[in-house]
>>> print(open('data26.cif').read())   # mmCIF, C-alpha atoms
data_model
#
loop_
_atom_site.label_atom_id
_atom_site.label_comp_id
_atom_site.auth_asym_id
_atom_site.auth_seq_id
_atom_site.Cartn_x
_atom_site.Cartn_y
_atom_site.Cartn_z
CA MET A 1 100.12 69.07 95.93
CA GLY A 2 101.32 72.31 97.42
CA LYS A 3 99.53 74.68 99.72
CA ARG A 4 98.03 77.97 98.58
CA ARG A 5 99.48 81.22 99.74
CA ALA A 6 98.85 84.93 99.12
CA VAL A 7 101.37 86.83 97.00
CA VAL A 8 101.42 90.64 96.83
CA ASP A 9 102.44 92.64 93.78
CA GLN A 10 104.57 95.05 95.78
CA LYS A 11 105.06 97.47 92.90
CA LEU A 12 101.36 98.22 92.76
CA CYS A 13 100.44 97.83 96.46
CA VAL A 14 99.18 101.10 97.98
CA ALA A 15 99.84 99.97 101.57
CA CYS A 16 96.30 100.81 102.70
CA GLY A 17 96.16 97.89 105.12
CA CYS A 18 92.75 96.47 104.15
CA CYS A 19 94.37 93.03 103.91
CA VAL A 20 95.74 93.34 107.44
CA LYS A 21 92.27 94.05 108.80
CA ILE A 22 90.63 91.10 107.06
CA CYS A 23 93.32 88.44 107.61
CA PRO A 24 92.01 85.84 110.07
CA VAL A 25 95.46 84.64 111.14
CA GLN A 26 97.44 87.90 111.20
CA ALA A 27 99.73 86.60 108.50
CA ILE A 28 99.92 89.80 106.46
CA SER A 29 101.33 93.18 107.46
CA VAL A 30 102.28 96.48 105.90
CA TRP A 31 106.06 96.86 105.79
CA LYS A 32 107.32 100.37 106.58
CA GLY A 33 104.33 101.94 104.90
CA LEU A 34 105.56 100.73 101.53
CA PHE A 35 103.70 97.51 100.70
CA ALA A 36 102.11 94.45 102.27
CA VAL A 37 104.20 91.39 103.07
CA VAL A 38 102.88 87.87 103.64
CA GLY A 39 104.28 85.83 106.51
CA ASP A 40 104.60 82.10 107.05
CA LYS A 41 101.30 81.90 108.88
CA CYS A 42 99.36 82.42 105.64
CA VAL A 43 96.82 79.65 105.09
CA GLY A 44 95.87 80.77 101.59
CA CYS A 45 92.22 81.50 102.40
CA GLY A 46 92.11 84.31 99.86
CA LYS A 47 90.24 86.84 102.01
CA CYS A 48 92.91 89.49 101.48
CA ALA A 49 92.90 88.98 97.72
CA LYS A 50 89.15 89.59 97.69
CA GLU A 51 89.38 92.61 99.97
CA CYS A 52 92.34 94.35 98.31
CA PRO A 53 91.03 97.59 96.72
CA ALA A 54 93.78 97.54 94.12
CA SER A 55 93.38 93.78 93.47
CA VAL A 56 97.12 93.23 93.65
CA ILE A 57 97.05 90.07 95.82
CA ALA A 58 96.96 86.70 94.10
CA LEU A 59 96.97 83.16 95.42
CA GLU A 60 99.83 80.95 94.37
CA VAL A 61 100.44 77.29 94.91
CA ARG A 62 103.50 76.76 97.05
CA GLU A 63 105.36 73.48 96.77
CA GLN A 64 105.85 71.76 100.09
CA MET B 1 85.84 87.61 115.89
CA LYS B 2 88.59 90.13 116.16
CA GLN B 3 88.29 92.51 119.05
CA LYS B 4 87.00 95.97 118.13
CA HIS B 5 88.92 99.04 119.20
CA TRP B 6 87.82 102.63 119.61
CA TYR B 7 89.52 103.49 116.35
CA ASP B 8 87.34 101.04 114.45
CA TYR B 9 84.49 103.49 114.94
CA LEU B 10 86.13 106.52 113.36
CA TRP B 11 83.78 106.12 110.40
CA ILE B 12 81.22 107.79 112.69
CA ALA B 13 83.44 110.87 112.85
CA SER B 14 83.78 110.89 109.07
CA ALA B 15 80.03 110.63 108.56
CA ALA B 16 79.39 113.27 111.23
CA TYR B 17 81.84 115.62 109.52
CA LEU B 18 79.94 115.46 106.24
CA ILE B 19 76.61 115.99 108.00
CA LEU B 20 77.84 118.89 110.15
CA GLY B 21 78.86 120.76 107.01
CA PHE B 22 75.20 121.00 106.10
CA PHE B 23 74.46 122.82 109.35
CA ASN B 24 77.45 125.04 109.96
CA ILE B 25 80.17 125.40 107.40
CA LEU B 26 82.77 126.31 110.02
CA PHE B 27 82.92 122.64 111.03
CA ALA B 28 84.78 122.16 107.73
CA TRP B 29 87.93 123.34 109.51
CA LEU B 30 87.97 120.06 111.46
CA GLY B 31 88.80 118.35 108.17
CA LEU B 32 92.34 119.67 108.49
CA LEU B 33 92.84 116.84 110.99
CA CYS B 34 92.53 114.39 108.06
CA PHE B 35 95.35 116.29 106.37
CA PHE B 36 97.78 116.80 109.18
CA ILE B 37 97.43 113.60 111.22
CA PRO B 38 98.40 111.25 108.34
CA LEU B 39 101.33 113.44 107.37
CA LEU B 40 102.58 113.86 110.94
CA LEU B 41 102.25 110.12 111.61
CA ALA B 42 104.17 109.30 108.43
CA ILE B 43 106.91 111.82 109.18
CA GLY B 44 106.98 110.84 112.86
CA GLY B 45 107.91 107.23 112.11
CA LYS B 46 104.46 105.64 112.23
CA ASP B 47 104.50 105.11 108.46
CA LYS B 48 101.01 104.44 107.11
CA LEU B 49 99.34 103.91 110.47
CA TYR B 50 96.65 106.44 109.53
CA CYS B 51 95.52 104.49 106.44
CA ASN B 52 96.00 101.18 108.19
CA ARG B 53 94.14 102.02 111.36
CA PHE B 54 92.54 105.42 111.73
CA CYS B 55 91.14 106.49 108.37
CA GLY B 56 87.43 107.03 109.01
CA ARG B 57 86.66 107.55 105.36
CA GLY B 58 88.15 104.18 104.45
CA GLN B 59 86.08 102.57 107.20
CA LEU B 60 82.96 104.31 105.94
CA PHE B 61 83.52 102.99 102.41
CA ALA B 62 84.26 99.51 103.77
CA LEU B 63 81.02 99.61 105.73
CA LEU B 64 78.80 100.98 102.94
CA GLY B 65 80.38 98.90 100.20
CA GLY B 66 81.00 95.81 102.29
CA ARG B 67 78.34 95.25 104.90
CA PHE B 68 75.64 97.33 103.21
CA GLY B 69 76.48 95.81 99.84
CA LEU B 70 76.58 99.08 97.92
CA SER B 71 79.56 97.95 95.86
CA ARG B 72 79.88 95.73 92.79
CA LYS B 73 83.20 94.51 94.27
CA LYS B 74 84.86 94.38 90.86
CA ASP B 75 88.52 95.04 90.16
CA VAL B 76 89.52 98.65 89.56
CA PRO B 77 90.66 99.39 86.01
CA GLN B 78 94.35 98.86 85.47
CA PHE B 79 95.17 102.52 84.82
CA LEU B 80 93.83 103.60 88.21
CA LYS B 81 96.69 101.89 90.06
CA THR B 82 99.49 103.13 87.86
CA LYS B 83 101.97 105.57 89.35
CA ALA B 84 101.20 107.99 86.54
CA PHE B 85 97.54 108.21 87.49
CA ARG B 86 98.14 108.29 91.24
CA TYR B 87 100.79 110.99 91.04
CA GLY B 88 98.79 112.86 88.43
CA PHE B 89 95.74 112.86 90.65
CA LEU B 90 97.84 114.03 93.60
CA ILE B 91 99.16 116.96 91.55
CA PHE B 92 95.67 117.78 90.30
CA PHE B 93 94.43 117.76 93.88
CA PHE B 94 97.26 120.04 94.94
CA VAL B 95 96.44 122.51 92.18
CA MET B 96 92.80 122.57 93.27
CA PHE B 97 93.88 122.92 96.90
CA PHE B 98 96.08 125.91 96.16
CA GLN B 99 93.36 127.47 94.08
CA MET B 100 91.14 127.18 97.15
CA LEU B 101 93.84 128.80 99.30
CA TRP B 102 94.16 131.56 96.70
CA ASN B 103 90.43 132.24 96.88
CA THR B 104 90.75 132.41 100.64
CA TYR B 105 93.54 134.93 100.23
CA LEU B 106 91.49 137.03 97.82
CA VAL B 107 88.69 137.25 100.36
CA PHE B 108 91.22 137.96 103.12
CA SER B 109 92.69 140.87 101.14
CA GLY B 110 89.24 142.21 100.31
CA VAL B 111 89.57 141.74 96.55
CA GLN B 112 86.79 139.19 96.42
CA ASP B 113 83.49 138.81 98.24
CA LEU B 114 82.65 135.75 100.29
CA ARG B 115 81.05 133.08 98.13
CA GLN B 116 78.55 131.06 100.13
CA ALA B 117 78.74 128.06 97.86
CA VAL B 118 80.19 124.57 97.79
CA THR B 119 81.80 123.58 94.52
CA LEU B 120 81.29 119.93 93.73
CA LEU B 121 83.71 118.10 91.43
CA TRP B 122 85.49 121.42 90.73
CA THR B 123 82.63 122.47 88.48
CA PHE B 124 79.18 122.54 90.01
CA ARG B 125 78.54 125.41 92.35
CA LEU B 126 75.92 124.45 94.89
CA PRO B 127 74.27 127.24 96.88
CA TRP B 128 75.07 126.65 100.54
CA GLN B 129 73.91 129.82 102.31
CA TRP B 130 72.00 127.97 104.99
CA ALA B 131 75.23 126.72 106.55
CA TYR B 132 76.60 130.25 106.95
CA ARG B 133 75.58 131.02 110.50
CA VAL B 134 78.47 132.66 112.30
CA GLU B 135 79.06 136.11 110.91
CA THR B 136 81.38 137.23 113.67
CA VAL B 137 84.44 135.44 112.30
CA PRO B 138 86.56 137.07 109.57
CA LEU B 139 85.23 136.45 106.07
CA TRP B 140 88.30 134.53 104.96
CA VAL B 141 87.72 131.99 107.74
CA SER B 142 84.33 131.23 106.26
CA GLN B 143 85.67 131.28 102.70
CA PHE B 144 88.28 128.67 103.63
CA ALA B 145 85.55 126.57 105.25
CA PHE B 146 83.41 126.63 102.09
CA GLY B 147 86.45 125.80 99.97
CA PHE B 148 87.72 123.06 102.22
CA TYR B 149 84.30 121.48 102.55
CA SER B 150 84.15 121.48 98.74
CA VAL B 151 87.38 119.47 98.66
CA MET B 152 86.12 117.00 101.24
CA LEU B 153 82.68 116.57 99.66
CA THR B 154 84.14 116.19 96.18
CA SER B 155 86.57 113.51 97.25
CA THR B 156 83.82 111.69 99.14
CA VAL B 157 81.57 111.74 96.09
CA LEU B 158 84.41 110.40 93.93
CA GLY B 159 85.10 107.74 96.56
CA ILE B 160 81.43 106.69 96.70
CA PHE B 161 81.36 106.55 92.91
CA THR B 162 84.33 104.19 92.66
CA MET B 163 83.08 102.29 95.73
CA ALA B 164 79.85 101.52 93.87
CA LEU B 165 81.60 100.56 90.64
CA PHE B 166 84.63 98.72 91.99
CA LYS B 167 85.91 97.49 95.38
CA PRO B 168 84.51 99.25 98.48
CA ARG B 169 87.77 100.99 99.35
CA SER B 170 88.91 101.70 95.78
CA TRP B 171 89.29 105.34 96.84
CA CYS B 172 92.38 104.16 98.77
CA VAL B 173 94.05 103.29 95.46
CA TYR B 174 94.16 106.91 94.28
CA CYS B 175 93.62 108.81 97.57
CA PRO B 176 96.00 111.79 97.42
CA MET B 177 96.72 111.55 101.15
CA GLY B 178 97.58 107.87 100.81
CA THR B 179 99.84 108.57 97.85
CA MET B 180 101.53 111.33 99.79
CA THR B 181 102.14 109.24 102.93
CA GLN B 182 103.44 106.38 100.81
CA LEU B 183 105.85 108.80 99.10
CA ILE B 184 107.03 109.99 102.52
CA CYS B 185 107.65 106.37 103.55
CA GLN B 186 109.53 105.71 100.32
CA ALA B 187 111.73 108.73 100.91
CA LYS B 188 112.39 107.69 104.52
CA HIS B 189 113.09 104.03 103.92
CA ARG B 190 114.92 104.23 100.62
CA GLU B 191 117.31 101.35 100.22
CA LYS B 192 120.62 102.36 101.77
#
>>> encode(input="data26.cif", output="structure tokens")
Amino acid sequence: MGKRRAVVDQKLCVACGCCVKICPVQAISVWKGLFAVVGDKCVGCGKCAKECPASVIALEVREQ
Amino acid sequence: MKQKHWYDYLWIASAAYLILGFFNILFAWLGLLCFFIPLLLAIGGKDKLYCNRFCGRGQLFALLGGRFGLSRKKDVPQFLKTKAFRYGFLIFFFVMFFQMLWNTYLVFSGVQDLRQAVTLLWTFRLPWQWAYRVETVPLWVSQFAFGFYSVMLTSTVLGIFTMALFKPRSWCVYCPMGTMTQLICQAKHREK
């Protein structure tokens, strides 16, 4: 089984930064004011997906 | 717990701004800070730092919708996040903004009398005479204040409406300032 990880739909992301504020491990950041990017630290908790006002973050299973 | 910073309390400034407008309309001028700071930060290389860190309105919605539970926390409808809607809303907001500037000009040039009213949602004219207290400033200064406060109150009401129906900060999805700063960032960081 793989681990879960947040994936951002960058085309629809509004770069508001709500996900950055909620992330417990500082794994997500807003890249150049364009969209959010998820780093390797992501533990797949799903807090950002819940918080995202545009609901453009999904959790995907990543194969190890 | 993450450490709180001074800028995590800017929602107090946002709430205070709305309240002050009920007492003296001239406080509305302070709202220009919410227009110029995001733009200057975006142009000055700080990208969307305003949205990401300083936006008091976003914090206020997060607080009311999140902690106070005044939000259904449902997904926003699909059309709300399309570029067409976001850009359309930005243009609509611009048109309303310039109409407000035009009214200010008409009062400045003496063609039109000062209207002591706040127009909500571009339609409903609310009498607001009680907040007109300083009569020593030029009339156009007060007219701008009434007009600008109308813009701020209208966008707050819209934001509270979508906060209640959808996610707490759903205003951020179609916020004209956010759309504008994102456009600035796109123009600056376009793939070379």
>>> interface_residues(input="data26.cif", of="chain A", to="chain B", cutoff="8 Å", atoms="only C-alpha atoms", output="tab-separated table (two decimals) with C-alpha atoms, in the coordinates of the input")
chain	number	residue	atom	x	y	z
A	12	LEU	CA	101.36	98.22	92.76
A	14	VAL	CA	99.18	101.10	97.98
A	15	ALA	CA	99.84	99.97	101.57
A	16	CYS	CA	96.30	100.81	102.70
A	17	GLY	CA	96.16	97.89	105.12
A	18	CYS	CA	92.75	96.47	104.15
A	20	VAL	CA	95.74	93.34	107.44
A	32	LYS	CA	107.32	100.37	106.58
A	33	GLY	CA	104.33	101.94	104.90
A	34	LEU	CA	105.56	100.73	101.53
A	51	GLU	CA	89.38	92.61	99.97
A	52	CYS	CA	92.34	94.35	98.31
A	53	PRO	CA	91.03	97.59	96.72
A	54	ALA	CA	93.78	97.54	94.12
A	55	SER	CA	93.38	93.78	93.47
>>> resolve_selection(input="data26.cif", expression="the PyMOL selection byres ((chain B and resi 23) around 10)", output="PyMOL selection string")
chain B and resi 18-22+24-27+128-133
>>> resolve_selection(input="data26.cif", expression="the PyMOL selection byres ((chain B and resi 30) around 12)", output="JSON, numbers by chain")
{"B": [13, 14, 16, 17, 18, 20, 21, 24, 25, 26, 27, 28, 29, 31, 32, 33, 34, 35, 36, 37, 144, 145, 148, 149, 152]}
>>> closest_residue(input="data26.cif", among="A:Ile22, A:Trp31, A:Val56, A:Arg62", to="A:Gly44", atoms="all atoms listed in the file")
A:Arg62
>>> resolve_selection(input="data26.cif", expression="the PyMOL selection byres ((chain A and resi 10) around 8)", output="mmCIF file with C-alpha atoms, in the frame of the given file")
data_model
loop_
_atom_site.group_PDB
_atom_site.id
_atom_site.type_symbol
_atom_site.label_atom_id
_atom_site.label_comp_id
_atom_site.auth_asym_id
_atom_site.auth_seq_id
_atom_site.Cartn_x
_atom_site.Cartn_y
_atom_site.Cartn_z
ATOM 1 C CA VAL A 8 101.420 90.640 96.830
ATOM 2 C CA ASP A 9 102.440 92.640 93.780
ATOM 3 C CA LYS A 11 105.060 97.470 92.900
ATOM 4 C CA LEU A 12 101.360 98.220 92.760
ATOM 5 C CA CYS A 13 100.440 97.830 96.460
ATOM 6 C CA PHE A 35 103.700 97.510 100.700
ATOM 7 C CA ALA A 36 102.110 94.450 102.270
ATOM 8 C CA VAL A 56 97.120 93.230 93.650
#
>>> atom_distance(input="data26.cif", atom1="atom CA of B:Ile12", atom2="atom CA of A:Ala49")
26.7 Å
>>> atom_distance(input="data26.cif", atom1="atom CA of A:Ile28", atom2="atom CA of B:Lys4")
18.5 Å
>>> atom_distance(input="data26.cif", atom1="atom CA of B:Gly56", atom2="atom CA of B:Leu10")
4.6 Å
>>> closest_residue(input="data26.cif", among="B:Phe68, B:Phe161, B:Thr119, B:Val107", to="B:Phe146", atoms="only C-alpha atoms")
B:Thr119
>>> residues_around(input="data26.cif", residues="A:Lys47", least_positions_apart="5", cutoff="10 Å", atoms="all atoms listed in the file", output="list in words")
Ala6, Cys19, Ile22, Cys23, Pro24, Cys52 and Ile57 of chain A
